[in-house]
Amino acid sequence: MTFEESFSELEKIKEALENPETGFDEAYKLYSESVKWTKNCLDILKECEGKISVVKTQIDGLIEKPLDEIEE
């Protein structure tokens, strides 16, 4: 599942929790489900952070080289 899909699920849960007609049992169930979606979002962000770190390292390596040494 993508970050956007997981985040969308969290938004739906937020709306349901804000509804005054949502009972305690349903709110507890929704809250528990939100933990799953939050973890998924955080896992995706952590994975992206790692990928960005690799790209940044590659860019930093290019910046440190003189222009005539950079491979195209």
# chains A, B, ... in the order shown; residues from 1 in each chain; ligands from 1
call {"tool": "residues_around", "arguments": {"residues": "stretch 38-54 of chain A", "least_positions_apart": "4", "cutoff": "9 Å", "atoms": "only C-alpha atoms", "output": "number ranges by chain"}}
result
A: 1-4, 6-7, 10, 33-34, 58-59
call {"tool": "residues_around", "arguments": {"residues": "A:Leu17", "least_positions_apart": "2", "cutoff": "12 Å", "atoms": "only C-alpha atoms", "output": "compact mmCIF listing (two decimals) with N, CA, C and O atoms, in the first residue's frame"}}
result
# COMPACT_ATOMS: atom_id res chain seq x y z
N LEU A 10 -5.94 7.01 7.35
CA LEU A 10 -5.83 7.76 8.61
C LEU A 10 -6.79 8.95 8.63
O LEU A 10 -7.39 9.25 9.67
N GLU A 11 -6.93 9.62 7.51
CA GLU A 11 -7.86 10.75 7.44
C GLU A 11 -9.30 10.30 7.65
O GLU A 11 -10.08 10.97 8.34
N LYS A 12 -9.66 9.15 7.09
CA LYS A 12 -11.01 8.61 7.29
C LYS A 12 -11.25 8.29 8.76
O LYS A 12 -12.32 8.57 9.31
N ILE A 13 -10.25 7.71 9.39
CA ILE A 13 -10.36 7.38 10.81
C ILE A 13 -10.50 8.65 11.63
O ILE A 13 -11.34 8.73 12.55
N LYS A 14 -9.73 9.67 11.30
CA LYS A 14 -9.81 10.94 12.01
C LYS A 14 -11.22 11.51 11.93
O LYS A 14 -11.79 11.95 12.94
N GLU A 15 -11.78 11.49 10.73
CA GLU A 15 -13.14 12.01 10.55
C GLU A 15 -14.15 11.21 11.37
O GLU A 15 -15.04 11.79 12.00
N ASN A 19 -16.56 12.43 14.73
CA ASN A 19 -18.02 12.35 14.66
C ASN A 19 -18.57 12.07 16.07
O ASN A 19 -18.23 11.06 16.68
N PRO A 20 -19.43 12.95 16.57
CA PRO A 20 -19.96 12.75 17.92
C PRO A 20 -20.82 11.49 18.05
O PRO A 20 -21.05 11.01 19.16
N GLU A 21 -21.26 10.94 16.95
CA GLU A 21 -22.09 9.73 16.99
C GLU A 21 -21.26 8.44 17.08
O GLU A 21 -21.82 7.36 17.27
N THR A 22 -19.95 8.56 16.96
CA THR A 22 -19.09 7.39 17.08
C THR A 22 -18.99 7.00 18.55
O THR A 22 -18.58 7.78 19.39
N GLY A 23 -19.40 5.76 18.84
CA GLY A 23 -19.38 5.27 20.22
C GLY A 23 -17.98 4.89 20.67
O GLY A 23 -17.04 4.79 19.89
N PHE A 24 -17.87 4.64 21.98
CA PHE A 24 -16.57 4.32 22.56
C PHE A 24 -15.96 3.07 21.94
O PHE A 24 -14.77 3.06 21.61
N ASP A 25 -16.72 2.00 21.82
CA ASP A 25 -16.19 0.76 21.27
C ASP A 25 -15.68 0.95 19.85
O ASP A 25 -14.60 0.46 19.49
N GLU A 26 -16.45 1.67 19.04
CA GLU A 26 -16.03 1.93 17.65
C GLU A 26 -14.80 2.83 17.64
O GLU A 26 -13.87 2.63 16.85
N ALA A 27 -14.77 3.83 18.52
CA ALA A 27 -13.62 4.74 18.59
C ALA A 27 -12.36 3.97 18.97
O ALA A 27 -11.28 4.20 18.41
N TYR A 28 -12.49 3.04 19.92
CA TYR A 28 -11.33 2.23 20.32
C TYR A 28 -10.84 1.38 19.16
O TYR A 28 -9.64 1.28 18.91
N LYS A 29 -11.77 0.78 18.43
CA LYS A 29 -11.42 -0.03 17.27
C LYS A 29 -10.72 0.83 16.21
O LYS A 29 -9.70 0.43 15.65
N LEU A 30 -11.26 2.02 15.96
CA LEU A 30 -10.66 2.92 14.97
C LEU A 30 -9.26 3.37 15.41
O LEU A 30 -8.33 3.43 14.59
N TYR A 31 -9.13 3.67 16.69
CA TYR A 31 -7.82 4.09 17.21
C TYR A 31 -6.80 2.97 17.01
O TYR A 31 -5.68 3.21 16.55
N SER A 32 -7.19 1.74 17.33
CA SER A 32 -6.30 0.59 17.16
C SER A 32 -5.90 0.43 15.69
O SER A 32 -4.75 0.13 15.36
N GLU A 33 -6.85 0.63 14.80
CA GLU A 33 -6.58 0.53 13.37
C GLU A 33 -5.64 1.65 12.92
O GLU A 33 -4.79 1.46 12.04
N SER A 34 -5.78 2.82 13.52
CA SER A 34 -4.94 3.95 13.14
C SER A 34 -3.47 3.67 13.43
O SER A 34 -2.59 4.16 12.73
call {"tool": "select_by_dssp", "arguments": {"residues": "chain A", "states": "helix (DSSP H, G or I)", "output": "PyMOL selection string"}}
result
chain A and resi 3-18+24-64+67-69
